[in-house]
Amino acid sequence: MNPTTLNYQLAAEVLADHPGYCRGVVVVRGADNTRAAPALVALLREAEAGLREAVRGNVAEHERIAAWREAYRRFGAKPSEHRAAIEALARRVLKPDQLPSINPLVDIGNIVSLRHLLPAGVHPLGEGENRLALRHARAGDGFAPPDGGPAEAPPEGEIVFADGARVLTRRWTWRQAASTQTLPETTRVFFNIDGLPPTPREAVLAAMDDVRALVREHTGGEVVAAQLLSAEQPAMALDLGG
């Protein structure tokens, strides 16, 4: 088995364009993602109800949603056409729809997103070297759409989350690539939790705490790292061994 390393960077240009932005990263291994988790489904329904109480009126005007819409405009995306993940999730819940239970790790991401009204995505962590960066798209980048469509080349300047030249998420938090699904057999993942002002960093830290507690209780996974990345500490490195 190849040793697994994680090198993770928030690019200087993203931090310069979006002062006060931070991303919480929680790395998990040894999760049992095949467990039946009715307690998580109950927590998901509770989080949906909480969001419906917290968000009244036009969802686009809520400060934590409006911040993402403005950020998208800054790098040239139309927020009415390409909604940040948290806005898309909130709108679905406010229809009102019930979110399906996918598997424990995905459910945990959705619960935390709804509780804190923050994007909280989960990605499998592959073997070998993982060179992760939140940065501007550049020539040579490629994105495999989750619907199986032809590969896409994001326009230069779009904010993407990438492993080398392989784009894992387009438009910051908009859509994950086909290869980034967290499946029942997935045991090793990392969560990304994003905070844009006026969201305080304490809210991101609280969401990270929720991820840690839910992972331990409902998957038996080990949290091997939890780091808040920001302008003050824009990078992290981790060696998980074989």
# chains A, B, ... in the order shown; residues from 1 in each chain; ligands from 1
>>> residues_around(residues="Asn103 in chain A", least_positions_apart="2", cutoff="8 Å", atoms="only C-alpha atoms", output="ChimeraX atom specification")
/A:33-34,101,105-107,183-184
>>> select_by_dssp(residues="range 24-107 of chain A", states="strand (DSSP E or B)", output="VMD selection string")
chain A and resid 24 to 29
>>> residues_around(residues="Glu13 in chain A", least_positions_apart="2", cutoff="8 Å", atoms="only C-alpha atoms", output="PyMOL selection string")
chain A and resi 11+15-17+135-136
>>> write_last_selection(atoms="all heavy atoms", output="PDB file, in the first residue's frame")
ATOM      1  N   ALA A  11      -4.573  29.315  -1.638  1.00  0.00           N
ATOM      2  CA  ALA A  11      -3.726  30.173  -2.456  1.00  0.00           C
ATOM      3  C   ALA A  11      -3.807  31.630  -2.001  1.00  0.00           C
ATOM      4  O   ALA A  11      -4.863  32.118  -1.592  1.00  0.00           O
ATOM      5  CB  ALA A  11      -4.118  30.068  -3.922  1.00  0.00           C
ATOM      6  N   LEU A  15      -7.059  34.335  -0.809  1.00  0.00           N
ATOM      7  CA  LEU A  15      -7.094  35.023   0.478  1.00  0.00           C
ATOM      8  C   LEU A  15      -7.030  36.536   0.312  1.00  0.00           C
ATOM      9  O   LEU A  15      -7.656  37.276   1.075  1.00  0.00           O
ATOM     10  CB  LEU A  15      -5.939  34.526   1.348  1.00  0.00           C
ATOM     11  CG  LEU A  15      -6.031  33.048   1.747  1.00  0.00           C
ATOM     12  CD1 LEU A  15      -4.721  32.586   2.363  1.00  0.00           C
ATOM     13  CD2 LEU A  15      -7.188  32.826   2.713  1.00  0.00           C
ATOM     14  N   ALA A  16      -6.305  37.004  -0.696  1.00  0.00           N
ATOM     15  CA  ALA A  16      -6.226  38.454  -0.938  1.00  0.00           C
ATOM     16  C   ALA A  16      -7.548  39.006  -1.445  1.00  0.00           C
ATOM     17  O   ALA A  16      -7.961  40.110  -1.061  1.00  0.00           O
ATOM     18  CB  ALA A  16      -5.109  38.753  -1.946  1.00  0.00           C
ATOM     19  N   ASP A  17      -8.224  38.236  -2.292  1.00  0.00           N
ATOM     20  CA  ASP A  17      -9.501  38.693  -2.862  1.00  0.00           C
ATOM     21  C   ASP A  17     -10.655  38.597  -1.871  1.00  0.00           C
ATOM     22  O   ASP A  17     -11.668  39.287  -2.022  1.00  0.00           O
ATOM     23  CB  ASP A  17      -9.856  37.873  -4.108  1.00  0.00           C
ATOM     24  CG  ASP A  17      -8.980  38.190  -5.304  1.00  0.00           C
ATOM     25  OD1 ASP A  17      -8.281  39.223  -5.258  1.00  0.00           O
ATOM     26  OD2 ASP A  17      -8.993  37.402  -6.271  1.00  0.00           O
ATOM     27  N   ARG A 135      -7.643  27.483  -5.221  1.00  0.00           N
ATOM     28  CA  ARG A 135      -6.887  28.444  -6.024  1.00  0.00           C
ATOM     29  C   ARG A 135      -7.699  28.878  -7.229  1.00  0.00           C
ATOM     30  O   ARG A 135      -8.811  28.386  -7.455  1.00  0.00           O
ATOM     31  CB  ARG A 135      -5.576  27.808  -6.485  1.00  0.00           C
ATOM     32  CG  ARG A 135      -5.756  26.512  -7.288  1.00  0.00           C
ATOM     33  CD  ARG A 135      -4.471  26.061  -7.925  1.00  0.00           C
ATOM     34  NE  ARG A 135      -4.556  24.778  -8.607  1.00  0.00           N
ATOM     35  CZ  ARG A 135      -5.083  24.570  -9.811  1.00  0.00           C
ATOM     36  NH1 ARG A 135      -5.630  25.590 -10.493  1.00  0.00           N
ATOM     37  NH2 ARG A 135      -5.110  23.361 -10.354  1.00  0.00           N
ATOM     38  N   HIS A 136      -7.108  29.770  -8.032  1.00  0.00           N
ATOM     39  CA  HIS A 136      -7.713  30.142  -9.302  1.00  0.00           C
ATOM     40  C   HIS A 136      -7.422  29.054 -10.337  1.00  0.00           C
ATOM     41  O   HIS A 136      -6.326  28.473 -10.354  1.00  0.00           O
ATOM     42  CB  HIS A 136      -7.161  31.472  -9.801  1.00  0.00           C
ATOM     43  CG  HIS A 136      -7.650  32.651  -9.030  1.00  0.00           C
ATOM     44  ND1 HIS A 136      -7.087  33.905  -9.128  1.00  0.00           N
ATOM     45  CD2 HIS A 136      -8.668  32.786  -8.141  1.00  0.00           C
ATOM     46  CE1 HIS A 136      -7.722  34.736  -8.336  1.00  0.00           C
ATOM     47  NE2 HIS A 136      -8.692  34.081  -7.729  1.00  0.00           N
TER      48      HIS A 136
END
>>> closest_residue(among="A:Asn7, A:Gln233, A:Asn58, A:Thr187", to="Val122 in chain A", atoms="only C-alpha atoms")
A:Thr187
>>> closest_residue(among="A:Ala139, A:Leu118, A:Val223, A:Ile111", to="Ala203 in chain A", atoms="only C-alpha atoms")
A:Leu118
>>> residues_around(residues="Glu63 in chain A", least_positions_apart="4", cutoff="12 Å", atoms="only C-alpha atoms", output="PyMOL selection string")
chain A and resi 54-56+58-59+67-70+87+117-118+195-200
>>> write_last_selection(atoms="C-alpha atoms", output="PDB file, in the first residue's frame")
ATOM      1  CA  ALA A  54     -33.719  30.212  11.121  1.00  0.00           C
ATOM      2  CA  VAL A  55     -34.234  31.296   7.504  1.00  0.00           C
ATOM      3  CA  ARG A  56     -37.340  33.368   6.852  1.00  0.00           C
ATOM      4  CA  ASN A  58     -35.739  35.540   0.805  1.00  0.00           C
ATOM      5  CA  VAL A  59     -32.971  32.984   1.371  1.00  0.00           C
ATOM      6  CA  ALA A  67     -21.773  36.502   1.292  1.00  0.00           C
ATOM      7  CA  TRP A  68     -21.402  33.560  -1.088  1.00  0.00           C
ATOM      8  CA  ARG A  69     -23.423  35.239  -3.815  1.00  0.00           C
ATOM      9  CA  GLU A  70     -21.123  38.266  -3.663  1.00  0.00           C
ATOM     10  CA  GLU A  87     -27.612  28.006  -0.935  1.00  0.00           C
ATOM     11  CA  LEU A 117     -25.603  27.381   7.436  1.00  0.00           C
ATOM     12  CA  LEU A 118     -22.092  26.800   6.103  1.00  0.00           C
ATOM     13  CA  GLY A 195     -16.544  30.551   6.381  1.00  0.00           C
ATOM     14  CA  LEU A 196     -16.855  33.923   4.654  1.00  0.00           C
ATOM     15  CA  PRO A 197     -17.355  37.159   6.616  1.00  0.00           C
ATOM     16  CA  PRO A 198     -19.601  38.073   8.352  1.00  0.00           C
ATOM     17  CA  THR A 199     -19.495  34.447   9.553  1.00  0.00           C
ATOM     18  CA  PRO A 200     -17.155  34.437  12.570  1.00  0.00           C
TER      19      PRO A 200
END
>>> closest_residue(among="A:Ala207, A:Gly109, A:Ala31, A:Ala66", to="Arg188 in chain A", atoms="only C-alpha atoms")
A:Ala31
>>> residues_around(residues="His123 in chain A", least_positions_apart="5", cutoff="6 Å", atoms="only C-alpha atoms", output="ChimeraX atom specification")
/A:180,189-190
>>> residues_around(residues="range 41-47 of chain A", least_positions_apart="5", cutoff="9 Å", atoms="only C-alpha atoms", output="PyMOL selection string")
chain A and resi 52+98-101+104+107-108+110-115
>>> residues_around(residues="Leu6 in chain A", least_positions_apart="3", cutoff="8 Å", atoms="only C-alpha atoms", output="PyMOL selection string")
chain A and resi 129-132+236-240
>>> closest_residue(among="A:Ala162, A:Val215, A:Ala133, A:Ala177", to="Pro146 in chain A", atoms="only C-alpha atoms")
A:Ala177
>>> atom_distance(atom1="CA of Asp209 in chain A", atom2="CA of Ile102 in chain A")
21.7 Å
>>> closest_residue(among="A:Gly76, A:Pro38, A:Gly149, A:Pro96", to="Arg171 in chain A", atoms="only C-alpha atoms")
A:Gly76
>>> atom_distance(atom1="CA of Ala12 in chain A", atom2="CA of Val167 in chain A")
18.1 Å
>>> closest_residue(among="A:Ser179, A:Asn192, A:Ser230, A:Thr173", to="Ala71 in chain A", atoms="only C-alpha atoms")
A:Thr173
